[in-house]
Every structure is written in structure tokens, then in C-alpha cells.
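Novice: Structure in C-alpha cells, see below.
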Amino acid sequence: MKLRRALSVSAATAALLPVAVAAAPASQASPAAEIPTCYDLDTAYGQYHNNTFVGRSFGIPKSIALGTDWTTYTATLTNASAKELKSFELSAKLGSYVYNEGDRDLSAYGDLQYWDTSQRAWKTLRQADGNARGTIPGPKTLKPRESVHVQLRFRVSKDLPLEQTYDAFTVITGTFVDRYRDMDCTAHGDAGSSFYPRKG
């Protein structure tokens with residue numbers, strides 16, 4: 001899967017030392033949601049390579065116990081390219097890979113929060129469909145070698161049915177507008193890790 005491959009690449013290339021960038025709590029529009037993704041434009045068998053980000057995360061264990069305890073982690077995305085990233089948007093999600101028909105995504109059974117540095121408070125990420133994901137305030141551009149750092153925490157409810165095996169993950173995603181085949185398109189990079197939920 002694309003996300004799993006992105007996480008593997010991030011882990012393998014996390015040697016670049018990031019330059020800190022303060023998160024900006026400014027509201028921002030989605031990065032041109034009406035334009036295609038660069039991956040959709042890539043009809044030549046994978047010629048579009050997005051090596052823009054180095055992603056790192058710290059604090060996500062290999063497994064977590066179901067219940068009320070929070071697991072806190074830090075994730076960083078560094079612009080490893082030579083270009084300034086435009087229409088940058090930051091988001092995060094908690095979920096699980098769905099391999100088989102009928103399998104659940106644990107997102108609806110989880111809680112995901114980020115630390116709002118401007119208000120010094122935890123803010124919950126939750127979509128209208130109940131899934132634990134959403135947009136995080138951040139810079140609108142990211143210069144070469146600049147980084148964005150996010151502190152997050154998550155937990156998974158004891159109500160999660162365990163009749164299936166969950167290959168779960170939590171990540172932050174940086175999305176930006178790139179130029180490919182003479183067209184504007186959106187691309188992204190991730191920082192995070194997988195984990196397995198277990199009974200406490």
C-alpha cells in the first residue's frame with residue numbers, strides 16, 4: 001500500500017537533521033482540492049517520484065493496550081527538496097489497513113488529538129463520519145530544509161471488537177502543490193508508524 005511504502009521510505013531516509021519551524025495557527029484552505037494528484041497524472045509506470053519529505057516519529061510502541069490511557073508521540077516532516085513547498089497543508093489520522101471485505105477500520109473506535117501550541121491545549125481530530133482524523137493548523141509554505149513538528153496522542157477504546165487482526169497506524173501527512181507533466185498537482189509525504197492493539 002502507498003502509505004506503508006511511504007512509512008518505510010521515511011524510516012529508511014531519516015538521516016537529515018531538521019531545521020525547526022514554528023507551527024502557525026492560521027486557517028488555510030485545502031491545497032487546490034479540485035486539481036488532480038501527481039500520482040493520477042503518472043501514467044508512465046511510476047515515473048513520478050516524490051522524495052520531498054523526510055519523516056520521523058518518536059513514541060509509538062509496537063502494540064498498545066485498549067483502554068483510556070493515552071499514547072503520546074512526536075512526528076516531524078522535513079522538506080528535503082531544493083524547492084519551497086506551496087499550498088502546504090498538514091493533517092493527521094488514526095486508522096488501520098483493511099485487507100479483507102468485512103474488516104473494520106479501527107478509526108471510529110479511536111481518539112486522536114494534537115497539541116495546539118498557540119492555545120496550549122489538546123485538540124481533538126474527528127470527522128463527521130466519526131473517524132479519528134483531520135487537519136492541523138500549520139505553515140502555508142515550507143522552505144528547503146525547514147521542518148514542521150507536531151505532538152499528538154491517541155488511544156483505542158476497549159469496545160474495539162477483536163475478532164479480527166488490526167494492522168493499525170497513526171501518521172501526520174504533509175500535502176502540497178507540485179508541478180508534473182506541465183500541470184499543477186498535489187503530492188504528499190507521511191511520518192508515523194504502525195502498531196497492533198491488544199487487550200489491557
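By order in the C-alpha cells, chains are A, B, ...; within a chain, residues start at 1; ligands start at 1, following the order shown.
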If you run DSSP on the backbone here, which positions in chain A get strand (DSSP E)? Please write them as a short mmCIF file (atom, residue, chain, number, x, y, z; two decimals) with N, CA, C and O atoms, in the first residue's frame.
Specialist:
data_model
loop_
_atom_site.label_atom_id
_atom_site.label_comp_id
_atom_site.auth_asym_id
_atom_site.auth_seq_id
_atom_site.Cartn_x
_atom_site.Cartn_y
_atom_site.Cartn_z
N PHE A 53 9.94 14.70 1.22
CA PHE A 53 9.94 14.73 2.69
C PHE A 53 10.84 13.66 3.29
O PHE A 53 10.99 12.56 2.76
N VAL A 54 11.42 14.02 4.43
CA VAL A 54 11.96 13.04 5.37
C VAL A 54 11.03 13.07 6.58
O VAL A 54 10.79 14.14 7.16
N GLY A 55 10.46 11.94 6.92
CA GLY A 55 9.53 11.86 8.04
C GLY A 55 10.10 11.05 9.18
O GLY A 55 10.76 10.02 8.98
N ARG A 56 9.87 11.54 10.40
CA ARG A 56 10.33 10.82 11.60
C ARG A 56 9.25 10.88 12.67
O ARG A 56 8.52 11.87 12.76
N SER A 57 9.18 9.84 13.45
CA SER A 57 8.25 9.83 14.58
C SER A 57 8.89 9.13 15.76
O SER A 57 9.72 8.23 15.59
N PHE A 58 8.51 9.56 16.96
CA PHE A 58 9.07 9.01 18.19
C PHE A 58 7.94 8.77 19.19
O PHE A 58 7.08 9.64 19.37
N SER A 63 2.87 -2.20 20.08
CA SER A 63 1.50 -2.56 20.41
C SER A 63 1.01 -1.65 21.53
O SER A 63 1.81 -1.12 22.30
N ILE A 64 -0.32 -1.46 21.61
CA ILE A 64 -0.89 -0.66 22.67
C ILE A 64 -2.06 -1.42 23.29
O ILE A 64 -2.74 -2.21 22.62
N ALA A 65 -2.28 -1.19 24.58
CA ALA A 65 -3.40 -1.82 25.28
C ALA A 65 -4.65 -0.98 25.08
O ALA A 65 -4.61 0.25 25.12
N THR A 71 -1.40 7.40 24.48
CA THR A 71 -0.04 7.22 24.00
C THR A 71 0.36 8.50 23.27
O THR A 71 -0.28 8.89 22.29
N THR A 72 1.40 9.16 23.76
CA THR A 72 1.83 10.43 23.18
C THR A 72 3.05 10.22 22.29
O THR A 72 3.95 9.45 22.64
N TYR A 73 3.05 10.87 21.14
CA TYR A 73 4.20 10.77 20.25
C TYR A 73 4.45 12.08 19.53
O TYR A 73 3.58 12.96 19.51
N THR A 74 5.63 12.19 18.96
CA THR A 74 6.02 13.38 18.20
C THR A 74 6.33 12.96 16.77
O THR A 74 6.98 11.94 16.55
N ALA A 75 5.86 13.74 15.80
CA ALA A 75 6.13 13.47 14.40
C ALA A 75 6.69 14.72 13.73
O ALA A 75 6.27 15.83 14.04
N THR A 76 7.63 14.52 12.82
CA THR A 76 8.29 15.61 12.12
C THR A 76 8.34 15.33 10.63
O THR A 76 8.65 14.22 10.21
N LEU A 77 8.01 16.34 9.84
CA LEU A 77 8.21 16.30 8.39
C LEU A 77 9.20 17.38 8.02
O LEU A 77 9.02 18.55 8.38
N THR A 78 10.26 17.01 7.31
CA THR A 78 11.27 17.95 6.85
C THR A 78 11.26 18.01 5.33
O THR A 78 11.23 16.96 4.66
N ASN A 79 11.27 19.22 4.80
CA ASN A 79 11.36 19.40 3.36
C ASN A 79 12.79 19.14 2.91
O ASN A 79 13.67 19.96 3.09
N LYS A 86 4.53 24.94 -1.81
CA LYS A 86 3.42 25.87 -1.82
C LYS A 86 2.13 25.17 -1.41
O LYS A 86 1.98 23.96 -1.57
N SER A 87 1.17 25.96 -0.92
CA SER A 87 -0.15 25.44 -0.51
C SER A 87 0.00 24.24 0.41
O SER A 87 -0.69 23.23 0.26
N PHE A 88 0.91 24.35 1.35
CA PHE A 88 1.19 23.25 2.27
C PHE A 88 0.04 23.08 3.25
O PHE A 88 -0.50 24.04 3.78
N GLU A 89 -0.35 21.84 3.48
CA GLU A 89 -1.41 21.53 4.43
C GLU A 89 -1.00 20.32 5.26
O GLU A 89 -0.45 19.34 4.74
N LEU A 90 -1.28 20.38 6.55
CA LEU A 90 -0.90 19.33 7.47
C LEU A 90 -2.15 18.65 8.02
O LEU A 90 -3.12 19.32 8.40
N SER A 91 -2.14 17.33 8.07
CA SER A 91 -3.26 16.58 8.63
C SER A 91 -2.73 15.37 9.38
O SER A 91 -1.54 15.03 9.29
N ALA A 92 -3.60 14.71 10.13
CA ALA A 92 -3.22 13.52 10.88
C ALA A 92 -4.38 12.55 10.89
O ALA A 92 -5.55 12.94 10.76
N LYS A 93 -4.06 11.27 11.08
CA LYS A 93 -5.12 10.27 11.15
C LYS A 93 -4.69 9.08 11.98
O LYS A 93 -3.49 8.80 12.15
N LEU A 94 -5.69 8.40 12.49
CA LEU A 94 -5.54 7.15 13.23
C LEU A 94 -6.44 6.14 12.55
O LEU A 94 -7.62 6.42 12.31
N GLY A 95 -5.93 4.99 12.20
CA GLY A 95 -6.76 4.02 11.49
C GLY A 95 -6.08 2.68 11.40
O GLY A 95 -5.10 2.40 12.09
N SER A 96 -6.59 1.83 10.52
CA SER A 96 -6.00 0.51 10.29
C SER A 96 -6.19 0.12 8.83
O SER A 96 -7.15 0.55 8.19
N GLY A 110 -11.20 4.97 17.93
CA GLY A 110 -10.04 5.64 18.50
C GLY A 110 -10.26 7.12 18.72
O GLY A 110 -11.19 7.73 18.18
N ASP A 111 -9.38 7.70 19.51
CA ASP A 111 -9.33 9.14 19.72
C ASP A 111 -7.95 9.62 19.32
O ASP A 111 -6.94 9.00 19.66
N LEU A 112 -7.90 10.75 18.62
CA LEU A 112 -6.64 11.34 18.18
C LEU A 112 -6.66 12.82 18.47
O LEU A 112 -7.62 13.52 18.13
N GLN A 113 -5.62 13.31 19.13
CA GLN A 113 -5.53 14.72 19.48
C GLN A 113 -4.14 15.25 19.13
O GLN A 113 -3.15 14.51 19.13
N TYR A 114 -4.07 16.57 18.85
CA TYR A 114 -2.78 17.23 18.65
C TYR A 114 -2.66 18.36 19.67
O TYR A 114 -3.66 18.91 20.14
N TRP A 115 -1.42 18.71 20.00
CA TRP A 115 -1.16 19.78 20.95
C TRP A 115 -1.14 21.11 20.21
O TRP A 115 -0.31 21.34 19.34
N ASP A 116 -2.09 21.98 20.53
CA ASP A 116 -2.18 23.31 19.93
C ASP A 116 -1.23 24.22 20.70
O ASP A 116 -1.50 24.59 21.85
N ALA A 121 -3.30 23.65 24.50
CA ALA A 121 -4.36 22.71 24.84
C ALA A 121 -4.40 21.59 23.80
O ALA A 121 -3.99 21.77 22.65
N TRP A 122 -4.90 20.42 24.22
CA TRP A 122 -5.10 19.32 23.30
C TRP A 122 -6.38 19.54 22.50
O TRP A 122 -7.41 19.88 23.07
N LYS A 123 -6.31 19.33 21.18
CA LYS A 123 -7.46 19.49 20.31
C LYS A 123 -7.77 18.16 19.62
O LYS A 123 -6.87 17.50 19.09
N THR A 124 -9.04 17.79 19.63
CA THR A 124 -9.46 16.51 19.08
C THR A 124 -9.66 16.59 17.57
O THR A 124 -10.23 17.56 17.06
N ARG A 133 -9.51 11.64 12.45
CA ARG A 133 -8.58 12.28 11.52
C ARG A 133 -9.03 13.71 11.28
O ARG A 133 -10.15 14.07 11.57
N GLY A 134 -8.13 14.53 10.72
CA GLY A 134 -8.49 15.90 10.44
C GLY A 134 -7.28 16.76 10.14
O GLY A 134 -6.13 16.28 10.15
N THR A 135 -7.53 18.04 9.87
CA THR A 135 -6.49 18.99 9.50
C THR A 135 -5.91 19.65 10.75
O THR A 135 -6.62 19.98 11.68
N ILE A 136 -4.60 19.87 10.73
CA ILE A 136 -3.89 20.51 11.82
C ILE A 136 -3.38 21.88 11.34
O ILE A 136 -2.81 21.98 10.25
N SER A 147 11.29 22.32 8.75
CA SER A 147 10.53 21.20 9.30
C SER A 147 9.28 21.70 10.00
O SER A 147 9.20 22.85 10.44
N VAL A 148 8.34 20.81 10.11
CA VAL A 148 7.16 21.05 10.94
C VAL A 148 7.08 19.90 11.94
O VAL A 148 7.26 18.74 11.59
N HIS A 149 6.88 20.27 13.21
CA HIS A 149 6.87 19.30 14.30
C HIS A 149 5.47 19.30 14.94
O HIS A 149 4.91 20.36 15.19
N VAL A 150 4.96 18.13 15.22
CA VAL A 150 3.63 18.01 15.83
C VAL A 150 3.69 17.01 16.97
O VAL A 150 4.27 15.93 16.83
N GLN A 151 3.09 17.39 18.11
CA GLN A 151 2.93 16.44 19.20
C GLN A 151 1.49 15.95 19.19
O GLN A 151 0.55 16.75 19.13
N LEU A 152 1.31 14.63 19.21
CA LEU A 152 -0.02 14.04 19.17
C LEU A 152 -0.16 12.99 20.25
O LEU A 152 0.83 12.52 20.83
N ARG A 153 -1.40 12.61 20.50
CA ARG A 153 -1.65 11.48 21.39
C ARG A 153 -2.89 10.75 20.89
O ARG A 153 -3.76 11.34 20.25
N PHE A 154 -2.95 9.44 21.19
CA PHE A 154 -4.08 8.64 20.73
C PHE A 154 -4.38 7.53 21.72
O PHE A 154 -3.56 7.18 22.58
N ARG A 155 -5.57 6.98 21.60
CA ARG A 155 -5.98 5.82 22.38
C ARG A 155 -7.06 5.09 21.58
O ARG A 155 -7.68 5.65 20.69
N VAL A 156 -7.24 3.81 21.92
CA VAL A 156 -8.24 2.99 21.26
C VAL A 156 -9.15 2.40 22.32
O VAL A 156 -8.69 1.85 23.33
N ALA A 168 -2.78 -1.51 12.59
CA ALA A 168 -3.17 -0.11 12.82
C ALA A 168 -1.99 0.83 12.61
O ALA A 168 -0.82 0.42 12.60
N PHE A 169 -2.30 2.12 12.46
CA PHE A 169 -1.27 3.12 12.25
C PHE A 169 -1.78 4.48 12.69
O PHE A 169 -2.98 4.72 12.79
N THR A 170 -0.85 5.37 12.95
CA THR A 170 -1.15 6.78 13.15
C THR A 170 -0.05 7.60 12.48
O THR A 170 1.13 7.27 12.62
N VAL A 171 -0.43 8.61 11.71
CA VAL A 171 0.53 9.38 10.92
C VAL A 171 0.11 10.84 10.82
O VAL A 171 -1.06 11.17 10.99
N ILE A 172 1.10 11.68 10.54
CA ILE A 172 0.81 13.02 10.04
C ILE A 172 1.14 13.00 8.54
O ILE A 172 2.02 12.26 8.10
N THR A 173 0.42 13.81 7.77
CA THR A 173 0.61 13.87 6.33
C THR A 173 0.78 15.33 5.91
O THR A 173 -0.02 16.18 6.30
N GLY A 174 1.81 15.60 5.14
CA GLY A 174 2.00 16.92 4.55
C GLY A 174 1.63 16.88 3.09
O GLY A 174 2.14 16.04 2.34
N THR A 175 0.72 17.75 2.67
CA THR A 175 0.27 17.81 1.28
C THR A 175 0.66 19.16 0.69
O THR A 175 0.59 20.18 1.37
N PHE A 176 1.06 19.16 -0.57
CA PHE A 176 1.48 20.39 -1.21
C PHE A 176 1.18 20.31 -2.70
O PHE A 176 0.88 19.24 -3.24
N VAL A 177 1.25 21.45 -3.38
CA VAL A 177 1.03 21.51 -4.82
C VAL A 177 2.38 21.43 -5.53
O VAL A 177 3.28 22.23 -5.27
N ASP A 178 2.51 20.45 -6.41
CA ASP A 178 3.73 20.25 -7.17
C ASP A 178 3.45 20.51 -8.66
O ASP A 178 2.31 20.81 -9.04
N ARG A 179 4.49 20.40 -9.46
CA ARG A 179 4.35 20.59 -10.91
C ARG A 179 4.87 19.33 -11.61
O ARG A 179 6.01 18.93 -11.39
N TYR A 180 4.03 18.69 -12.41
CA TYR A 180 4.42 17.46 -13.08
C TYR A 180 3.72 17.38 -14.43
O TYR A 180 2.52 17.66 -14.54
N MET A 183 1.68 20.37 -15.44
CA MET A 183 0.39 20.58 -14.76
C MET A 183 0.60 20.69 -13.26
O MET A 183 1.51 20.06 -12.70
N ASP A 184 -0.23 21.50 -12.60
CA ASP A 184 -0.24 21.54 -11.15
C ASP A 184 -0.95 20.30 -10.63
O ASP A 184 -1.98 19.88 -11.16
N CYS A 185 -0.40 19.72 -9.57
CA CYS A 185 -0.99 18.52 -8.98
C CYS A 185 -0.58 18.45 -7.52
O CYS A 185 0.36 19.12 -7.09
N THR A 186 -1.29 17.66 -6.74
CA THR A 186 -0.99 17.54 -5.32
C THR A 186 -0.18 16.29 -5.04
O THR A 186 -0.36 15.25 -5.67
N ALA A 187 0.75 16.42 -4.09
CA ALA A 187 1.57 15.30 -3.64
C ALA A 187 1.64 15.34 -2.12
O ALA A 187 1.25 16.32 -1.50
N HIS A 188 2.13 14.27 -1.52
CA HIS A 188 2.14 14.21 -0.05
C HIS A 188 3.29 13.35 0.46
O HIS A 188 3.92 12.61 -0.29
N GLY A 189 3.54 13.47 1.76
CA GLY A 189 4.50 12.64 2.47
C GLY A 189 4.01 12.41 3.88
O GLY A 189 3.22 13.20 4.41
N ASP A 190 4.43 11.30 4.50
CA ASP A 190 3.92 10.90 5.81
C ASP A 190 5.03 10.71 6.83
O ASP A 190 6.17 10.43 6.48
N ALA A 191 4.66 10.84 8.10
CA ALA A 191 5.54 10.49 9.21
C ALA A 191 4.68 9.84 10.27
O ALA A 191 3.67 10.40 10.71
N GLY A 192 5.05 8.65 10.69
CA GLY A 192 4.27 7.93 11.69
C GLY A 192 4.73 6.49 11.75
O GLY A 192 5.82 6.15 11.31
N SER A 193 3.85 5.62 12.28
CA SER A 193 4.24 4.22 12.42
C SER A 193 3.01 3.35 12.62
O SER A 193 1.90 3.84 12.92
N SER A 194 3.21 2.05 12.44
CA SER A 194 2.15 1.06 12.66
C SER A 194 2.22 0.52 14.08
O SER A 194 3.27 0.59 14.74
N PHE A 195 1.12 -0.03 14.54
CA PHE A 195 1.06 -0.68 15.85
C PHE A 195 -0.07 -1.71 15.84
O PHE A 195 -0.91 -1.72 14.95
N TYR A 196 -0.08 -2.57 16.86
CA TYR A 196 -1.13 -3.57 16.99
C TYR A 196 -1.86 -3.36 18.32
O TYR A 196 -1.22 -3.26 19.37
N PRO A 197 -3.20 -3.27 18.29
CA PRO A 197 -3.96 -3.14 19.55
C PRO A 197 -4.10 -4.49 20.24
O PRO A 197 -4.19 -5.53 19.57
N ARG A 198 -4.11 -4.45 21.56
CA ARG A 198 -4.27 -5.69 22.35
C ARG A 198 -5.11 -5.41 23.58
O ARG A 198 -5.27 -4.25 23.98
#
Novice: Which value, in Å to one decimal, gives the distance between atom CA of Asp40 of chain A and atom CA of Thr141 of chain A?
Specialist: 23.1 Å
Novice: Identify, with DSSP run on backbone atoms, the residues in chain A assigned to alpha helix (DSSP H), and express the list as an MDAnalysis selection string.
Specialist: chainID A and resid 2:12 38:41
Novice: Write the residues of the selection above to a file with all heavy atoms, as an mmCIF file, in the first residue's frame.
Specialist:
data_model
loop_
_atom_site.group_PDB
_atom_site.id
_atom_site.type_symbol
_atom_site.label_atom_id
_atom_site.label_comp_id
_atom_site.auth_asym_id
_atom_site.auth_seq_id
_atom_site.Cartn_x
_atom_site.Cartn_y
_atom_site.Cartn_z
ATOM 1 N N LYS A 2 0.371 2.329 -0.559
ATOM 2 C CA LYS A 2 1.169 3.545 -0.694
ATOM 3 C C LYS A 2 1.621 4.081 0.646
ATOM 4 O O LYS A 2 2.748 4.499 0.828
ATOM 5 C CB LYS A 2 0.384 4.611 -1.452
ATOM 6 C CG LYS A 2 0.309 4.360 -2.952
ATOM 7 C CD LYS A 2 -0.363 5.520 -3.655
ATOM 8 C CE LYS A 2 -0.389 5.297 -5.160
ATOM 9 N NZ LYS A 2 -1.068 6.411 -5.862
ATOM 10 N N LEU A 3 0.690 4.052 1.649
ATOM 11 C CA LEU A 3 1.027 4.602 2.961
ATOM 12 C C LEU A 3 2.122 3.780 3.601
ATOM 13 O O LEU A 3 3.081 4.318 4.142
ATOM 14 C CB LEU A 3 -0.223 4.631 3.844
ATOM 15 C CG LEU A 3 -0.002 5.091 5.278
ATOM 16 C CD1 LEU A 3 0.559 6.510 5.284
ATOM 17 C CD2 LEU A 3 -1.295 5.029 6.055
ATOM 18 N N ARG A 4 2.005 2.446 3.545
ATOM 19 C CA ARG A 4 3.008 1.597 4.158
ATOM 20 C C ARG A 4 4.364 1.806 3.481
ATOM 21 O O ARG A 4 5.396 1.878 4.139
ATOM 22 C CB ARG A 4 2.583 0.134 4.060
ATOM 23 C CG ARG A 4 3.607 -0.808 4.667
ATOM 24 C CD ARG A 4 3.080 -2.220 4.707
ATOM 25 N NE ARG A 4 2.051 -2.365 5.721
ATOM 26 C CZ ARG A 4 2.321 -2.469 7.010
ATOM 27 N NH1 ARG A 4 3.560 -2.402 7.453
ATOM 28 N NH2 ARG A 4 1.338 -2.619 7.872
ATOM 29 N N ARG A 5 4.398 1.923 2.144
ATOM 30 C CA ARG A 5 5.651 2.169 1.453
ATOM 31 C C ARG A 5 6.236 3.519 1.853
ATOM 32 O O ARG A 5 7.434 3.654 2.047
ATOM 33 C CB ARG A 5 5.434 2.114 -0.059
ATOM 34 C CG ARG A 5 5.181 0.712 -0.580
ATOM 35 C CD ARG A 5 5.408 0.654 -2.085
ATOM 36 N NE ARG A 5 4.486 1.524 -2.794
ATOM 37 C CZ ARG A 5 3.305 1.127 -3.244
ATOM 38 N NH1 ARG A 5 2.892 -0.111 -3.034
ATOM 39 N NH2 ARG A 5 2.526 1.968 -3.907
ATOM 40 N N ALA A 6 5.368 4.526 2.007
ATOM 41 C CA ALA A 6 5.850 5.859 2.394
ATOM 42 C C ALA A 6 6.467 5.828 3.777
ATOM 43 O O ALA A 6 7.485 6.465 4.037
ATOM 44 C CB ALA A 6 4.704 6.865 2.343
ATOM 45 N N LEU A 7 5.850 5.073 4.704
ATOM 46 C CA LEU A 7 6.393 4.976 6.052
ATOM 47 C C LEU A 7 7.745 4.290 6.030
ATOM 48 O O LEU A 7 8.665 4.668 6.744
ATOM 49 C CB LEU A 7 5.423 4.211 6.953
ATOM 50 C CG LEU A 7 4.105 4.907 7.279
ATOM 51 C CD1 LEU A 7 3.231 3.992 8.115
ATOM 52 C CD2 LEU A 7 4.325 6.219 7.991
ATOM 53 N N SER A 8 7.887 3.245 5.209
ATOM 54 C CA SER A 8 9.149 2.539 5.124
ATOM 55 C C SER A 8 10.240 3.438 4.574
ATOM 56 O O SER A 8 11.356 3.459 5.069
ATOM 57 C CB SER A 8 8.991 1.294 4.237
ATOM 58 O OG SER A 8 8.042 0.423 4.791
ATOM 59 N N VAL A 9 9.924 4.204 3.538
ATOM 60 C CA VAL A 9 10.896 5.118 2.955
ATOM 61 C C VAL A 9 11.291 6.179 3.957
ATOM 62 O O VAL A 9 12.456 6.529 4.102
ATOM 63 C CB VAL A 9 10.333 5.768 1.681
ATOM 64 C CG1 VAL A 9 11.242 6.892 1.203
ATOM 65 C CG2 VAL A 9 10.199 4.712 0.590
ATOM 66 N N SER A 10 10.299 6.696 4.709
ATOM 67 C CA SER A 10 10.602 7.726 5.702
ATOM 68 C C SER A 10 11.561 7.201 6.752
ATOM 69 O O SER A 10 12.505 7.869 7.144
ATOM 70 C CB SER A 10 9.304 8.193 6.374
ATOM 71 O OG SER A 10 8.474 8.832 5.439
ATOM 72 N N ALA A 11 11.331 5.976 7.212
ATOM 73 C CA ALA A 11 12.186 5.409 8.246
ATOM 74 C C ALA A 11 13.592 5.182 7.723
ATOM 75 O O ALA A 11 14.573 5.374 8.420
ATOM 76 C CB ALA A 11 11.586 4.099 8.753
ATOM 77 N N ALA A 12 13.694 4.791 6.455
ATOM 78 C CA ALA A 12 14.999 4.470 5.894
ATOM 79 C C ALA A 12 15.824 5.708 5.585
ATOM 80 O O ALA A 12 17.052 5.641 5.517
ATOM 81 C CB ALA A 12 14.821 3.636 4.626
ATOM 82 N N CYS A 38 -0.599 14.128 -8.287
ATOM 83 C CA CYS A 38 0.502 13.835 -9.202
ATOM 84 C C CYS A 38 0.546 12.346 -9.527
ATOM 85 O O CYS A 38 1.003 11.950 -10.601
ATOM 86 C CB CYS A 38 1.825 14.276 -8.583
ATOM 87 S SG CYS A 38 1.905 16.045 -8.207
ATOM 88 N N TYR A 39 0.042 11.533 -8.607
ATOM 89 C CA TYR A 39 0.015 10.089 -8.841
ATOM 90 C C TYR A 39 -1.032 9.738 -9.902
ATOM 91 O O TYR A 39 -0.855 8.791 -10.664
ATOM 92 C CB TYR A 39 -0.261 9.366 -7.525
ATOM 93 C CG TYR A 39 0.598 9.895 -6.402
ATOM 94 C CD1 TYR A 39 0.092 10.807 -5.478
ATOM 95 C CD2 TYR A 39 1.944 9.525 -6.270
ATOM 96 C CE1 TYR A 39 0.890 11.322 -4.457
ATOM 97 C CE2 TYR A 39 2.741 10.028 -5.264
ATOM 98 C CZ TYR A 39 2.203 10.922 -4.365
ATOM 99 O OH TYR A 39 3.003 11.436 -3.362
ATOM 100 N N ASP A 40 -2.125 10.513 -9.960
ATOM 101 C CA ASP A 40 -3.129 10.295 -11.013
ATOM 102 C C ASP A 40 -2.578 10.658 -12.386
ATOM 103 O O ASP A 40 -2.949 10.046 -13.394
ATOM 104 C CB ASP A 40 -4.389 11.124 -10.737
ATOM 105 C CG ASP A 40 -5.157 10.627 -9.531
ATOM 106 O OD1 ASP A 40 -5.008 9.433 -9.191
ATOM 107 O OD2 ASP A 40 -5.890 11.419 -8.917
ATOM 108 N N LEU A 41 -1.707 11.668 -12.428
ATOM 109 C CA LEU A 41 -1.118 12.080 -13.700
ATOM 110 C C LEU A 41 -0.017 11.136 -14.157
ATOM 111 O O LEU A 41 0.383 11.161 -15.321
ATOM 112 C CB LEU A 41 -0.533 13.494 -13.584
ATOM 113 C CG LEU A 41 -1.517 14.638 -13.338
ATOM 114 C CD1 LEU A 41 -0.753 15.949 -13.227
ATOM 115 C CD2 LEU A 41 -2.556 14.716 -14.449
#
Novice: Would you mind reading off the distance between atom CA of Tyr48 of chain A and atom CA of Ile35 of chain A, one decimal, in Å?
Specialist: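 Atom CA of Ile35 of chain A lies 16.3 Å from atom CA of Tyr48 of chain A.
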